[in-house]
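Below is one structure, written out as structure tokens; comments come after it.
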Amino acid sequence: MSLLLDSSAPTPQDLTGRTVVVVHTHPDDEAVFTGATVRRLADHGARVVLVTATAGELGTPRVPLLGRPIGQVRKAELERAAELLGVARLVLLGRRDSGLPGWESGQHPRALIRADLPALARTLAALVESERAEAIVGYDADGIYGHPDHIAVHLLARHAAGLAGVTSYDATVDREHLHFAGEHVLDGAGGNRSYGRVTAEISVAVAATPRELAVKRAALLAHASQIDEVMLGDRFTETYELEWYLRRGPRALLDDLGNAHALAPV
Ligand SMILES: [Zn+2]
């Protein structure tokens, strides 16, 4: 389905001097859900501040860690992916992966779900203000696929946007599009295909150019402890070329990416 693509759309305007804070839960989420968007923002002069809440300590390693703690490995992978995507500043919140409901990991004192979210939102709002960012990107209200730490990031980003008085974009996936696409890493994350939102709910969609998509793929593969070529499948383009957002608040810089479309009134 290429409903959202419009090759006749104007090229993105110069975004120099404009800043967005993009908040994610685990290392690799930035590439999976927003990789092409971040690369395009950077290529057009915007400053992208990436905030990652946890080090993804509960991710199942797909490669030998050679004695290194997984959080350390994943932070290094995140730094490499951020570099590929053109991130100007990477901020780690230092919380711990809480795991799924009922897991003992959720009891860890640094587990993200045990954090004082209003206090963390104030920290994030202060970052937005000090960076003079015009928008925050978080997740939809279900954290895209229901992971408690993704839902926590939704709450965090939404609350911080309110405190700072800026637009928030909730990253999501178009489940109708993915229904017809190839295997998505969300499938392996325990999600079923009721994740994300339906097409009519999407405010903004970004369609990656072939070059942006190649960078996104490289950023995904930089997370080698979690993602390999096999997982990305043989229908990579149709599965990963689009990125989707719900906007709350006035139009901001994600609406100025050229082939982004406002599909639903907000
Ligand atoms: Zn995640």
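Naming works like this for the structure tokens: A, B, ... for the chains as they're shown, residue 1 at the start of each chain, ligands 1 onward in shown order.
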
Practice prompt. Collect all residues with atoms no farther than 8 Å from ligand 1, counting only C-alpha atoms and all ligand atoms, and output them as a list in words.
Written response: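 These are the residues that qualify: His24, Thr25, His26, Pro27, Asp28, Asp29, Gly56, His147, Asp149 and His150 of chain A.
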
Residues of region 199-257 of chain A classed as strand (DSSP E) by DSSP on the backbone are to be reported as a PDB file with C-alpha atoms, in the first residue's frame.
```pdb
ATOM      1  CA  VAL A 204       1.827  12.397   9.784  1.00  0.00           C
ATOM      2  CA  ALA A 205       3.598   9.752   7.733  1.00  0.00           C
ATOM      3  CA  VAL A 206       7.196   9.962   6.565  1.00  0.00           C
ATOM      4  CA  ALA A 207       8.158   7.889   3.533  1.00  0.00           C
ATOM      5  CA  LEU A 242       7.126   4.360   6.290  1.00  0.00           C
ATOM      6  CA  GLU A 243       7.149   5.934   9.758  1.00  0.00           C
ATOM      7  CA  TRP A 244       3.964   7.150  11.381  1.00  0.00           C
ATOM      8  CA  TYR A 245       2.988   9.730  13.988  1.00  0.00           C
ATOM      9  CA  LEU A 246      -0.036  11.057  15.815  1.00  0.00           C
ATOM     10  CA  ARG A 247       0.293  14.787  16.484  1.00  0.00           C
ATOM     11  CA  ARG A 248      -1.023  16.553  19.556  1.00  0.00           C
TER      12      ARG A 248
END
```

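With only C-alpha atoms as the basis for measurement, A:Val23 is the residue among A:Leu221, A:Val23, A:Ile70, A:Leu65 that approaches Leu124 (chain A) most closely.
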
Discussion item. Using only C-alpha atoms for the distances, tell me which of A:Leu253, A:Ser203, A:Arg62, A:Tyr145 is nearest to Val230 (chain A).
Written reply: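 Distance minimum relative to Val230 (chain A) lands on A:Arg62.
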
Item to complete: Could you tell me which of A:Ala88, A:Ala119, A:Ala125, A:Leu58 comes closest to Leu100 (chain A) if we count only C-alpha atoms?
Response: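 For Leu100 (chain A), the nearest of the candidates is A:Leu58.
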
Worksheet item: With only C-alpha atoms as the basis for distance, which of A:Leu90, A:Ala208, A:Leu220, A:Ala126 is at the shortest distance from Gly258 (chain A)?
Response: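 Closest residue, counting only C-alpha atoms: A:Ala208.
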
Discussion item. List as a PyMOL selection string the protein and nucleic acid residues near Asp256 (chain A), meaning an atom at most 9 Å away when only C-alpha atoms are counted, but skip any in the same chain fewer than 4 places from it.
Written reply: chain A and resi 12-13+15+251-252+260

Requested write-out: N, CA and C atoms of the selected residues, as a PDB file, in the first residue's frame:
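Wrote it out as selection_13.pdb, contents follow:
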```
ATOM      1  N   PRO A  12      11.797  18.955   1.499  1.00  0.00           N
ATOM      2  CA  PRO A  12      11.697  19.583   2.819  1.00  0.00           C
ATOM      3  C   PRO A  12      12.376  20.947   2.852  1.00  0.00           C
ATOM      4  N   GLN A  13      11.800  21.808   3.644  1.00  0.00           N
ATOM      5  CA  GLN A  13      12.404  23.127   3.785  1.00  0.00           C
ATOM      6  C   GLN A  13      13.652  23.037   4.658  1.00  0.00           C
ATOM      7  N   LEU A  15      15.577  23.267   7.773  1.00  0.00           N
ATOM      8  CA  LEU A  15      15.151  23.164   9.170  1.00  0.00           C
ATOM      9  C   LEU A  15      16.238  23.653  10.136  1.00  0.00           C
ATOM     10  N   ARG A 251       0.995  22.238  14.347  1.00  0.00           N
ATOM     11  CA  ARG A 251       1.990  21.686  13.412  1.00  0.00           C
ATOM     12  C   ARG A 251       3.384  22.090  13.863  1.00  0.00           C
ATOM     13  N   ALA A 252       4.321  21.183  13.734  1.00  0.00           N
ATOM     14  CA  ALA A 252       5.717  21.478  14.086  1.00  0.00           C
ATOM     15  C   ALA A 252       6.600  20.785  13.057  1.00  0.00           C
ATOM     16  N   ALA A 260       5.564  14.289   4.121  1.00  0.00           N
ATOM     17  CA  ALA A 260       4.701  13.951   5.240  1.00  0.00           C
ATOM     18  C   ALA A 260       3.289  14.450   4.934  1.00  0.00           C
TER      19      ALA A 260
END
```

Worksheet item: Mind pulling up the distance from CA of Asp170 (chain A) to CA of Arg132 (chain A)?
Response: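 Interatomic distance, CA of Arg132 (chain A) to CA of Asp170 (chain A): 19.4 Å.
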
Item to complete: Identify, on the basis of only C-alpha atoms, every residue whose closest approach to Met231 (chain A) does not exceed 7 Å; exclude the query and any residue fewer than 3 positions from it along the same chain; express the result as a list in words.
Response: Val185, Ile227 and Asp228 of chain A

Grab the residues selected above and save them as a PDB file, in the first residue's frame with C-alpha atoms.
```
ATOM      1  CA  VAL A 185      10.645  -6.906  14.525  1.00  0.00           C
ATOM      2  CA  ILE A 227      18.794  -7.467  15.143  1.00  0.00           C
ATOM      3  CA  ASP A 228      20.306  -9.354  12.233  1.00  0.00           C
TER       4      ASP A 228
END
```

Practice prompt. Can you check which residues of region 208-258 of chain A DSSP gives as helix (DSSP H, G or I) on the backbone and send them as a PyMOL selection string?
Written response: chain A and resi 210-222+229-232+236-240+253-256

Worksheet entry | Distance in Å - CA of Glu238 (chain A) versus CA of Val51 (chain A) | 27.5 Å

Discussion item. Can you tell me which residues surround Val128 (chain A) at a distance of at most 9 Å, considering only C-alpha atoms, apart from same-chain residues fewer than 2 positions away, and format the answer as a ChimeraX atom specification?
Written reply: /A:19-21,123-126,130-136,160-161,164,166

Just to be explicit: take each residue in the selection above, keep N, CA and C atoms, and write the result as a JSON list (two decimals), in the first residue's frame.
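Generated output (part15.json):
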```json
[["chain", "number", "residue", "atom", "x", "y", "z"],
["A", 19, "THR", "N", 14.76, 22.39, 16.55],
["A", 19, "THR", "CA", 15.20, 21.26, 17.38],
["A", 19, "THR", "C", 14.01, 20.41, 17.80],
["A", 20, "VAL", "N", 14.24, 19.10, 17.85],
["A", 20, "VAL", "CA", 13.23, 18.17, 18.36],
["A", 20, "VAL", "C", 13.90, 17.20, 19.32],
["A", 21, "VAL", "N", 13.17, 16.86, 20.37],
["A", 21, "VAL", "CA", 13.65, 15.85, 21.33],
["A", 21, "VAL", "C", 12.87, 14.56, 21.06],
["A", 123, "THR", "N", 12.33, 16.67, 34.36],
["A", 123, "THR", "CA", 13.71, 16.64, 33.83],
["A", 123, "THR", "C", 13.69, 16.76, 32.31],
["A", 124, "LEU", "N", 12.77, 16.01, 31.70],
["A", 124, "LEU", "CA", 12.67, 16.03, 30.24],
["A", 124, "LEU", "C", 12.19, 17.40, 29.74],
["A", 125, "ALA", "N", 11.24, 17.97, 30.45],
["A", 125, "ALA", "CA", 10.74, 19.30, 30.06],
["A", 125, "ALA", "C", 11.86, 20.34, 30.17],
["A", 126, "ALA", "N", 12.71, 20.20, 31.20],
["A", 126, "ALA", "CA", 13.83, 21.14, 31.35],
["A", 126, "ALA", "C", 14.81, 20.97, 30.18],
["A", 130, "SER", "N", 15.83, 23.87, 27.65],
["A", 130, "SER", "CA", 17.22, 24.30, 27.48],
["A", 130, "SER", "C", 17.68, 24.12, 26.02],
["A", 131, "GLU", "N", 17.09, 23.16, 25.33],
["A", 131, "GLU", "CA", 17.43, 22.95, 23.92],
["A", 131, "GLU", "C", 16.59, 23.83, 22.99],
["A", 132, "ARG", "N", 15.63, 24.55, 23.57],
["A", 132, "ARG", "CA", 14.67, 25.33, 22.77],
["A", 132, "ARG", "C", 14.01, 24.46, 21.70],
["A", 133, "ALA", "N", 13.66, 23.23, 22.08],
["A", 133, "ALA", "CA", 13.03, 22.31, 21.13],
["A", 133, "ALA", "C", 11.58, 22.72, 20.91],
["A", 134, "GLU", "N", 11.08, 22.49, 19.71],
["A", 134, "GLU", "CA", 9.69, 22.85, 19.41],
["A", 134, "GLU", "C", 8.75, 21.67, 19.49],
["A", 135, "ALA", "N", 9.30, 20.48, 19.67],
["A", 135, "ALA", "CA", 8.43, 19.30, 19.73],
["A", 135, "ALA", "C", 9.15, 18.15, 20.43],
["A", 136, "ILE", "N", 8.32, 17.24, 20.95],
["A", 136, "ILE", "CA", 8.83, 16.00, 21.53],
["A", 136, "ILE", "C", 8.20, 14.84, 20.77],
["A", 160, "ALA", "N", 5.82, 15.76, 29.61],
["A", 160, "ALA", "CA", 6.88, 16.77, 29.40],
["A", 160, "ALA", "C", 6.46, 17.78, 28.36],
["A", 161, "ALA", "N", 5.78, 17.32, 27.30],
["A", 161, "ALA", "CA", 5.32, 18.26, 26.25],
["A", 161, "ALA", "C", 4.33, 19.26, 26.85],
["A", 164, "ALA", "N", 6.31, 21.77, 28.99],
["A", 164, "ALA", "CA", 7.13, 22.70, 28.19],
["A", 164, "ALA", "C", 6.28, 23.49, 27.19],
["A", 166, "VAL", "N", 4.95, 22.37, 24.27],
["A", 166, "VAL", "CA", 5.33, 22.11, 22.88],
["A", 166, "VAL", "C", 4.46, 20.99, 22.30]]
```
